[in-house]
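The structure appears below as structure tokens.
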Amino acid sequence: MDYKKSFEKFDKQNSFIRETVNKNVKGSQKAELNRKGNQLFNSGNIEGAKRIFLTTGYSDGLSRVGDYYKSQNRPLEALQMYWLAPDRNKTQPLIEQLAVLLQGLIAEDDLPSEEQEQNNE
């Protein structure tokens with residue numbers, strides 16, 4: 001299954017998958033930025049580390065940010081980081097969990113309004 005095609009409909013919203021790897025970052029500069037990103041991550045500045053890892057395309061860093069988001073119960077943000085890493089071993093379970101959640105929401109929307117009220121009680 002081509003998951004990228006599944007998420008293409010979100011491209012126009014610019015809200016889900018964004019690939020921002022700067023191809024102009026040279027090796028030594030990239031290594032220095034990644035070290036800085038690791039320092040920020042280890043000190044708890046996850047968002048600062050994320051910006052650096054997105055800029056350099058540092059897969060391990062992006063995956064660790066995804067792990068952090070997952071531990072904070074932020075599965076969509078975790079999925080985005082895993083997707084950009086790319087860490088397909090971690091994306092697959094999240095995609096499956098989100099699919100089950102969406103199926104449940106769709107099934108709930110299909111219930112007559114009286115049944116929905118009973119389920120919400």
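As shown in the structure tokens, the chain order sets the letters A, B, ...; within each chain, residues go from 1, and ligands are also counted from 1 in the order they appear.
The protein and nucleic acid residues lying at most 12 Å from Glu32 (chain A) are A:Val25, A:Lys26, A:Gly27, A:Ser28, A:Lys36, A:Gly37, A:Asn38, A:Gln39, A:Ile52, A:Phe53, A:Thr56, A:Tyr58, with only C-alpha atoms considered and sequence neighbours fewer than 4 positions away removed.
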Same residues, all heavy atoms, output as a short mmCIF file (atom, residue, chain, number, x, y, z; two decimals), in the first residue's frame:
data_model
loop_
_atom_site.label_atom_id
_atom_site.label_comp_id
_atom_site.auth_asym_id
_atom_site.auth_seq_id
_atom_site.Cartn_x
_atom_site.Cartn_y
_atom_site.Cartn_z
N VAL A 25 22.62 22.00 3.12
CA VAL A 25 23.40 21.91 4.34
C VAL A 25 24.57 20.97 4.10
O VAL A 25 24.39 19.82 3.73
CB VAL A 25 22.54 21.41 5.52
CG1 VAL A 25 23.37 21.31 6.79
CG2 VAL A 25 21.34 22.32 5.74
N LYS A 26 25.79 21.50 4.28
CA LYS A 26 27.00 20.71 4.04
C LYS A 26 27.26 19.77 5.21
O LYS A 26 26.76 19.98 6.31
CB LYS A 26 28.18 21.64 3.83
CG LYS A 26 28.02 22.47 2.58
CD LYS A 26 29.21 23.34 2.32
CE LYS A 26 28.94 24.08 1.01
NZ LYS A 26 29.73 25.21 0.81
N GLY A 27 28.04 18.73 4.96
CA GLY A 27 28.30 17.68 5.94
C GLY A 27 28.74 18.18 7.30
O GLY A 27 28.19 17.78 8.32
N SER A 28 29.75 19.05 7.34
CA SER A 28 30.25 19.52 8.63
C SER A 28 29.21 20.39 9.33
O SER A 28 29.04 20.32 10.55
CB SER A 28 31.56 20.29 8.46
OG SER A 28 31.36 21.42 7.63
N LYS A 36 23.79 20.14 18.00
CA LYS A 36 23.01 21.17 18.68
C LYS A 36 21.57 20.67 18.92
O LYS A 36 21.01 20.85 19.99
CB LYS A 36 23.00 22.46 17.87
CG LYS A 36 22.18 23.57 18.46
CD LYS A 36 22.74 24.06 19.78
CE LYS A 36 21.95 25.27 20.27
NZ LYS A 36 22.30 25.64 21.63
N GLY A 37 20.98 20.03 17.90
CA GLY A 37 19.65 19.47 18.04
C GLY A 37 19.58 18.43 19.14
O GLY A 37 18.63 18.39 19.92
N ASN A 38 20.61 17.58 19.22
CA ASN A 38 20.66 16.57 20.28
C ASN A 38 20.75 17.22 21.65
O ASN A 38 20.10 16.77 22.60
CB ASN A 38 21.84 15.62 20.06
CG ASN A 38 21.58 14.63 18.95
OD1 ASN A 38 20.45 14.22 18.71
ND2 ASN A 38 22.63 14.25 18.24
N GLN A 39 21.54 18.28 21.77
CA GLN A 39 21.65 19.00 23.04
C GLN A 39 20.29 19.60 23.43
O GLN A 39 19.88 19.50 24.59
CB GLN A 39 22.69 20.12 22.94
CG GLN A 39 24.11 19.64 22.87
CD GLN A 39 25.09 20.78 22.59
OE1 GLN A 39 24.71 21.87 22.20
NE2 GLN A 39 26.36 20.49 22.80
N ILE A 52 15.61 21.82 14.02
CA ILE A 52 16.93 21.49 13.49
C ILE A 52 16.89 20.17 12.74
O ILE A 52 17.42 20.05 11.62
CB ILE A 52 17.98 21.46 14.62
CG1 ILE A 52 18.23 22.88 15.13
CG2 ILE A 52 19.28 20.82 14.14
CD1 ILE A 52 19.12 22.97 16.34
N PHE A 53 16.26 19.16 13.33
CA PHE A 53 16.21 17.84 12.69
C PHE A 53 15.45 17.89 11.36
O PHE A 53 15.81 17.19 10.41
CB PHE A 53 15.60 16.80 13.62
CG PHE A 53 16.38 16.57 14.90
CD1 PHE A 53 15.74 16.17 16.06
CD2 PHE A 53 17.76 16.75 14.94
CE1 PHE A 53 16.45 15.94 17.23
CE2 PHE A 53 18.49 16.53 16.11
CZ PHE A 53 17.82 16.12 17.26
N THR A 56 17.91 19.48 8.82
CA THR A 56 19.01 18.62 8.38
C THR A 56 18.53 17.27 7.84
O THR A 56 19.30 16.56 7.20
CB THR A 56 19.99 18.35 9.54
OG1 THR A 56 19.31 17.66 10.58
CG2 THR A 56 20.59 19.65 10.05
N TYR A 58 17.70 14.74 9.78
CA TYR A 58 18.32 13.77 10.66
C TYR A 58 17.29 12.73 11.11
O TYR A 58 16.46 12.98 11.97
CB TYR A 58 18.95 14.49 11.85
CG TYR A 58 19.68 13.63 12.84
CD1 TYR A 58 20.53 12.60 12.44
CD2 TYR A 58 19.54 13.86 14.20
CE1 TYR A 58 21.21 11.83 13.37
CE2 TYR A 58 20.22 13.10 15.14
CZ TYR A 58 21.05 12.08 14.72
OH TYR A 58 21.73 11.32 15.63
#
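Within the 7 Å cut-off around region 73-83 of chain A, using only C-alpha atoms and omitting residues fewer than 5 positions from it on the same chain, the listed residues are A:Phe16, A:Ile17, A:Leu62, A:Ser63, A:Val65, A:Gly66, A:Asp67, A:Arg88, A:Lys90, A:Thr91, A:Leu94.
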Can you write just those residues out, N, CA, C and O atoms, as a compact mmCIF listing (two decimals), in the first residue's frame?
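In the end it all went to selection.txt:
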# COMPACT_ATOMS: atom_id res chain seq x y z
N PHE A 16 -0.41 18.30 7.49
CA PHE A 16 -0.04 16.98 7.98
C PHE A 16 1.39 16.61 7.62
O PHE A 16 2.26 16.61 8.48
N ILE A 17 1.64 16.30 6.39
CA ILE A 17 2.97 15.86 6.01
C ILE A 17 3.68 16.98 5.29
O ILE A 17 3.21 17.47 4.28
N LEU A 62 14.53 12.80 14.20
CA LEU A 62 13.10 12.88 13.90
C LEU A 62 12.35 11.73 14.55
O LEU A 62 11.25 11.91 15.09
N SER A 63 12.94 10.56 14.54
CA SER A 63 12.31 9.39 15.16
C SER A 63 12.21 9.57 16.67
O SER A 63 11.19 9.23 17.27
N VAL A 65 12.01 12.46 18.25
CA VAL A 65 10.95 13.45 18.47
C VAL A 65 9.59 12.75 18.35
O VAL A 65 8.68 13.00 19.16
N GLY A 66 9.45 11.85 17.38
CA GLY A 66 8.23 11.07 17.25
C GLY A 66 7.96 10.24 18.50
O GLY A 66 6.81 10.17 18.97
N ASP A 67 9.00 9.63 19.05
CA ASP A 67 8.84 8.86 20.29
C ASP A 67 8.34 9.75 21.43
O ASP A 67 7.48 9.35 22.22
N ARG A 88 9.40 3.36 8.99
CA ARG A 88 8.17 2.63 8.67
C ARG A 88 7.78 1.61 9.74
O ARG A 88 6.61 1.28 9.87
N LYS A 90 7.71 2.19 12.82
CA LYS A 90 6.94 2.92 13.81
C LYS A 90 5.69 3.56 13.20
O LYS A 90 4.74 3.83 13.93
N THR A 91 5.70 3.81 11.91
CA THR A 91 4.51 4.41 11.29
C THR A 91 3.37 3.40 11.19
O THR A 91 2.22 3.76 11.42
N LEU A 94 0.92 3.03 14.20
CA LEU A 94 0.13 4.24 14.39
C LEU A 94 -0.93 4.39 13.31
O LEU A 94 -2.06 4.79 13.60
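One distance worth recording is that between CA of Ser71 (chain A) and CA of Pro93 (chain A), which is 14.3 Å.
The space separating CA of Leu33 (chain A) from CA of Lys70 (chain A) comes to 24.1 Å.
Straight-line separation from CA of Ile95 (chain A) to CA of Glu47 (chain A): 23.1 Å.
Shortest atom-to-atom contact with Tyr68 (chain A) among A:Pro86, A:Asn42, A:Leu54, A:Gln92: A:Asn42, counting only C-alpha atoms.
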